[in-house]
Amino acid sequence: MANNIQIMTLNVGGPGYAQEKRDYIENSFQTQLRQCSVIFVQECNGRDRTNLMGILGRRDYQISPGNGNIRDVAIIWQPNVFRQVEYFDDVKKFINGDELFQEMTNRNYDINDRVKVIRATLRPTGRVVYFASWHGPHNRVTNEHKADTARDLIRLMRNISGIQPFIVGGDFNLRAHNQFPAVKNRVVVHHSYRPRQIIPNIDYFVLGNRQEFRIQGVARPLPLQDREILDHEPVQACFVRN
């Protein structure tokens with residue numbers, strides 16, 4: 001477990017009712033969810049948080065504190081995998097004046113509602129890894145703005161993590177590879193909101209410092225559903241220590 005870290009990214013928004021979402025997660029991919037040491041969640045309200053922790057169990061998993069936002073982001077982790085986990089309740093102090101993040105805040109996109117970051121110390125090695133769950137802006141912004149904000153996110157993670165490795169996953173709200181050209185070490189997973197959607201969206205995992213980890217196996221555990229329940233189907237990846 002110390003050498004391999006299974007991670008899932010999961011956007012729990014979408015048209016499904018809260019109980020319908022819980023039943024879907026519990027019956028369709030609970031096994032894959034429980035394989036993961038870290039779970040990145042987007043568009044997570046209070047009921048979603050309660051349902052996810054009800055499925056996983058509070059003895060086995062912990063979740064980052066909520067901001068009280070109806071569409072928050074969260075990180076869930078297995079405490080027995082880590083010696084210590086530190087939660088960053090305010091990432092804005094690491095922005096260092098990036099204009100796009102400031103503009104996003106002015107558009108009522110508070111950056112603390114868009115990204116959650118934890119600093120985790122692995123057992124038994126003591127190696128430090130930063131994990132971030134990200135939900136990119138999508139309403140009333142251009143594709144260029146979305147792409148530039150994603151690049152600023154990676155710059156933000158470099159500011160936070162320093163020389164330590166980091167792993168970012170989530171819903172980037174991007175639809176083309178060339179919208180994210182400046183970031184290396186990314187894993188691209190195409191998905192569609194609906195069965196007949198012509199232009200797929202893209203979910204990403206981004207790995208900072210490939211000398212520490214490599215990515216081995218990326219899977220979408222479920223086939224596309226006839227009826228949309230969640231905003232995105234889950235994506236699972238295995239990160240292996242070098």
# chains A, B, ... in the order shown; residues from 1 in each chain; ligands from 1

$ residues_around --residues "Ile5 in chain A" --least-positions-apart "4" --cutoff "12 Å" --atoms "only C-alpha atoms" --output "PDB file with N, CA and C atoms, in the first residue's frame"
ATOM      1  N   MET A   1       0.822  -1.206   0.000  1.00  0.00           N
ATOM      2  CA  MET A   1       0.000   0.000   0.000  1.00  0.00           C
ATOM      3  C   MET A   1       0.855   1.256   0.000  1.00  0.00           C
ATOM      4  N   GLN A  35     -11.159   0.637  -2.941  1.00  0.00           N
ATOM      5  CA  GLN A  35      -9.773   0.328  -3.296  1.00  0.00           C
ATOM      6  C   GLN A  35      -8.873   1.555  -3.194  1.00  0.00           C
ATOM      7  N   CYS A  36      -9.469   2.723  -3.100  1.00  0.00           N
ATOM      8  CA  CYS A  36      -8.720   3.976  -3.225  1.00  0.00           C
ATOM      9  C   CYS A  36      -8.309   4.519  -1.865  1.00  0.00           C
ATOM     10  N   SER A  37      -7.049   4.956  -1.783  1.00  0.00           N
ATOM     11  CA  SER A  37      -6.543   5.609  -0.580  1.00  0.00           C
ATOM     12  C   SER A  37      -6.920   7.076  -0.541  1.00  0.00           C
ATOM     13  N   VAL A  38      -7.126   7.676  -1.728  1.00  0.00           N
ATOM     14  CA  VAL A  38      -7.484   9.084  -1.838  1.00  0.00           C
ATOM     15  C   VAL A  38      -8.593   9.215  -2.870  1.00  0.00           C
ATOM     16  N   ILE A  39      -9.606  10.012  -2.556  1.00  0.00           N
ATOM     17  CA  ILE A  39     -10.730  10.241  -3.464  1.00  0.00           C
ATOM     18  C   ILE A  39     -10.930  11.744  -3.606  1.00  0.00           C
ATOM     19  N   TRP A  77      -9.746  10.464   2.395  1.00  0.00           N
ATOM     20  CA  TRP A  77      -8.536   9.644   2.439  1.00  0.00           C
ATOM     21  C   TRP A  77      -8.650   8.590   3.535  1.00  0.00           C
ATOM     22  N   GLN A  78      -7.824   7.544   3.385  1.00  0.00           N
ATOM     23  CA  GLN A  78      -7.721   6.491   4.398  1.00  0.00           C
ATOM     24  C   GLN A  78      -6.625   6.876   5.389  1.00  0.00           C
ATOM     25  N   VAL A  81      -3.227   4.862   5.856  1.00  0.00           N
ATOM     26  CA  VAL A  81      -2.185   4.887   4.828  1.00  0.00           C
ATOM     27  C   VAL A  81      -1.155   5.981   5.124  1.00  0.00           C
ATOM     28  N   PHE A  82      -1.538   6.962   5.940  1.00  0.00           N
ATOM     29  CA  PHE A  82      -0.698   8.137   6.167  1.00  0.00           C
ATOM     30  C   PHE A  82      -0.379   8.296   7.650  1.00  0.00           C
ATOM     31  N   ALA A 120       0.143  15.114   2.888  1.00  0.00           N
ATOM     32  CA  ALA A 120       0.058  13.802   3.514  1.00  0.00           C
ATOM     33  C   ALA A 120       1.443  13.174   3.632  1.00  0.00           C
ATOM     34  N   LEU A 122       3.341   9.703   4.021  1.00  0.00           N
ATOM     35  CA  LEU A 122       3.070   8.297   3.765  1.00  0.00           C
ATOM     36  C   LEU A 122       3.665   7.392   4.835  1.00  0.00           C
ATOM     37  N   ARG A 123       2.929   6.317   5.155  1.00  0.00           N
ATOM     38  CA  ARG A 123       3.493   5.225   5.948  1.00  0.00           C
ATOM     39  C   ARG A 123       4.120   4.203   5.003  1.00  0.00           C
ATOM     40  N   VAL A 129       3.582  13.903   0.246  1.00  0.00           N
ATOM     41  CA  VAL A 129       2.920  14.101  -1.041  1.00  0.00           C
ATOM     42  C   VAL A 129       1.763  15.069  -0.833  1.00  0.00           C
ATOM     43  N   PHE A 131      -1.861  16.420  -2.285  1.00  0.00           N
ATOM     44  CA  PHE A 131      -2.988  16.001  -3.111  1.00  0.00           C
ATOM     45  C   PHE A 131      -3.960  17.161  -3.247  1.00  0.00           C
ATOM     46  N   ILE A 167      -0.117  15.539  -6.657  1.00  0.00           N
ATOM     47  CA  ILE A 167      -1.047  14.890  -7.574  1.00  0.00           C
ATOM     48  C   ILE A 167      -2.349  15.677  -7.548  1.00  0.00           C
ATOM     49  N   PHE A 213       6.932   9.321  -8.652  1.00  0.00           N
ATOM     50  CA  PHE A 213       5.825   8.429  -8.979  1.00  0.00           C
ATOM     51  C   PHE A 213       5.742   8.230 -10.484  1.00  0.00           C
ATOM     52  N   ARG A 214       5.133   7.137 -10.866  1.00  0.00           N
ATOM     53  CA  ARG A 214       4.698   6.943 -12.242  1.00  0.00           C
ATOM     54  C   ARG A 214       3.247   6.478 -12.195  1.00  0.00           C
ATOM     55  N   ILE A 215       2.546   6.691 -13.274  1.00  0.00           N
ATOM     56  CA  ILE A 215       1.138   6.341 -13.335  1.00  0.00           C
ATOM     57  C   ILE A 215       0.992   5.004 -14.048  1.00  0.00           C
ATOM     58  N   GLN A 216       0.336   4.073 -13.405  1.00  0.00           N
ATOM     59  CA  GLN A 216       0.205   2.723 -13.946  1.00  0.00           C
ATOM     60  C   GLN A 216      -1.265   2.332 -13.929  1.00  0.00           C
ATOM     61  N   GLY A 217      -1.894   2.464 -15.068  1.00  0.00           N
ATOM     62  CA  GLY A 217      -3.282   2.038 -15.168  1.00  0.00           C
ATOM     63  C   GLY A 217      -4.265   3.119 -14.813  1.00  0.00           C
ATOM     64  N   GLN A 236     -10.426   6.206 -12.116  1.00  0.00           N
ATOM     65  CA  GLN A 236      -9.533   5.637 -11.122  1.00  0.00           C
ATOM     66  C   GLN A 236      -8.147   5.467 -11.721  1.00  0.00           C
ATOM     67  N   ALA A 237      -7.111   5.781 -10.928  1.00  0.00           N
ATOM     68  CA  ALA A 237      -5.737   5.637 -11.399  1.00  0.00           C
ATOM     69  C   ALA A 237      -4.864   5.109 -10.278  1.00  0.00           C
ATOM     70  N   CYS A 238      -3.816   4.376 -10.658  1.00  0.00           N
ATOM     71  CA  CYS A 238      -2.840   3.865  -9.703  1.00  0.00           C
ATOM     72  C   CYS A 238      -1.528   4.618  -9.878  1.00  0.00           C
ATOM     73  N   PHE A 239      -1.042   5.221  -8.803  1.00  0.00           N
ATOM     74  CA  PHE A 239       0.234   5.915  -8.802  1.00  0.00           C
ATOM     75  C   PHE A 239       1.236   5.041  -8.047  1.00  0.00           C
ATOM     76  N   VAL A 240       2.347   4.707  -8.701  1.00  0.00           N
ATOM     77  CA  VAL A 240       3.335   3.763  -8.167  1.00  0.00           C
ATOM     78  C   VAL A 240       4.608   4.512  -7.835  1.00  0.00           C
ATOM     79  N   ARG A 241       5.146   4.249  -6.645  1.00  0.00           N
ATOM     80  CA  ARG A 241       6.423   4.853  -6.261  1.00  0.00           C
ATOM     81  C   ARG A 241       7.541   4.287  -7.113  1.00  0.00           C
ATOM     82  N   ASN A 242       8.424   5.151  -7.602  1.00  0.00           N
ATOM     83  CA  ASN A 242       9.601   4.721  -8.351  1.00  0.00           C
ATOM     84  C   ASN A 242      10.672   4.195  -7.420  1.00  0.00           C
TER      85      ASN A 242
END

$ residues_around --residues "Arg220 in chain A" --least-positions-apart "6" --cutoff "8 Å" --atoms "only C-alpha atoms" --output "PyMOL selection string"
chain A and resi 233-236

$ write_last_selection --atoms "N, CA, C and O atoms" --output "mmCIF file, in the first residue's frame"
data_model
loop_
_atom_site.group_PDB
_atom_site.id
_atom_site.type_symbol
_atom_site.label_atom_id
_atom_site.label_comp_id
_atom_site.auth_asym_id
_atom_site.auth_seq_id
_atom_site.Cartn_x
_atom_site.Cartn_y
_atom_site.Cartn_z
ATOM 1 N N GLU A 233 -18.820 10.225 -14.703
ATOM 2 C CA GLU A 233 -18.551 8.889 -14.196
ATOM 3 C C GLU A 233 -17.161 8.892 -13.538
ATOM 4 O O GLU A 233 -16.289 9.681 -13.900
ATOM 5 N N PRO A 234 -16.932 8.024 -12.544
ATOM 6 C CA PRO A 234 -15.653 8.058 -11.826
ATOM 7 C C PRO A 234 -14.475 7.640 -12.702
ATOM 8 O O PRO A 234 -14.624 6.863 -13.641
ATOM 9 N N VAL A 235 -13.306 8.175 -12.368
ATOM 10 C CA VAL A 235 -12.038 7.794 -12.995
ATOM 11 C C VAL A 235 -11.080 7.349 -11.913
ATOM 12 O O VAL A 235 -10.928 8.021 -10.889
ATOM 13 N N GLN A 236 -10.426 6.206 -12.116
ATOM 14 C CA GLN A 236 -9.533 5.637 -11.122
ATOM 15 C C GLN A 236 -8.147 5.467 -11.721
ATOM 16 O O GLN A 236 -8.001 5.068 -12.866
#

$ closest_residue --among "A:Leu174, A:Ile111, A:Met53, A:Ile25" --to "His138 in chain A" --atoms "only C-alpha atoms"
A:Leu174

$ closest_atom_pairs --of "range 75-94 of chain A" --to "range 58-65 of chain A" --cutoff "8 Å" --atoms "only C-alpha atoms" --output "JSON lines"
{"residue": "A:Ile75", "atom": "CA", "partner": "A:Ser64", "partner_atom": "CA", "distance": 5.5}
{"residue": "A:Ile76", "atom": "CA", "partner": "A:Ile63", "partner_atom": "CA", "distance": 4.3}
{"residue": "A:Trp77", "atom": "CA", "partner": "A:Tyr61", "partner_atom": "CA", "distance": 5.5}
{"residue": "A:Gln78", "atom": "CA", "partner": "A:Tyr61", "partner_atom": "CA", "distance": 4.6}
{"residue": "A:Pro79", "atom": "CA", "partner": "A:Tyr61", "partner_atom": "CA", "distance": 6.3}
{"residue": "A:Asn80", "atom": "CA", "partner": "A:Asp60", "partner_atom": "CA", "distance": 7.8}
{"residue": "A:Tyr87", "atom": "CA", "partner": "A:Ser64", "partner_atom": "CA", "distance": 7.0}

$ select_by_dssp --residues "range 14-180 of chain A" --states "strand (DSSP E)" --output "NGL selection string"
:A and (38-44 or 62-63 or 72-77 or 82-88 or 115-122 or 128-135 or 166-174)
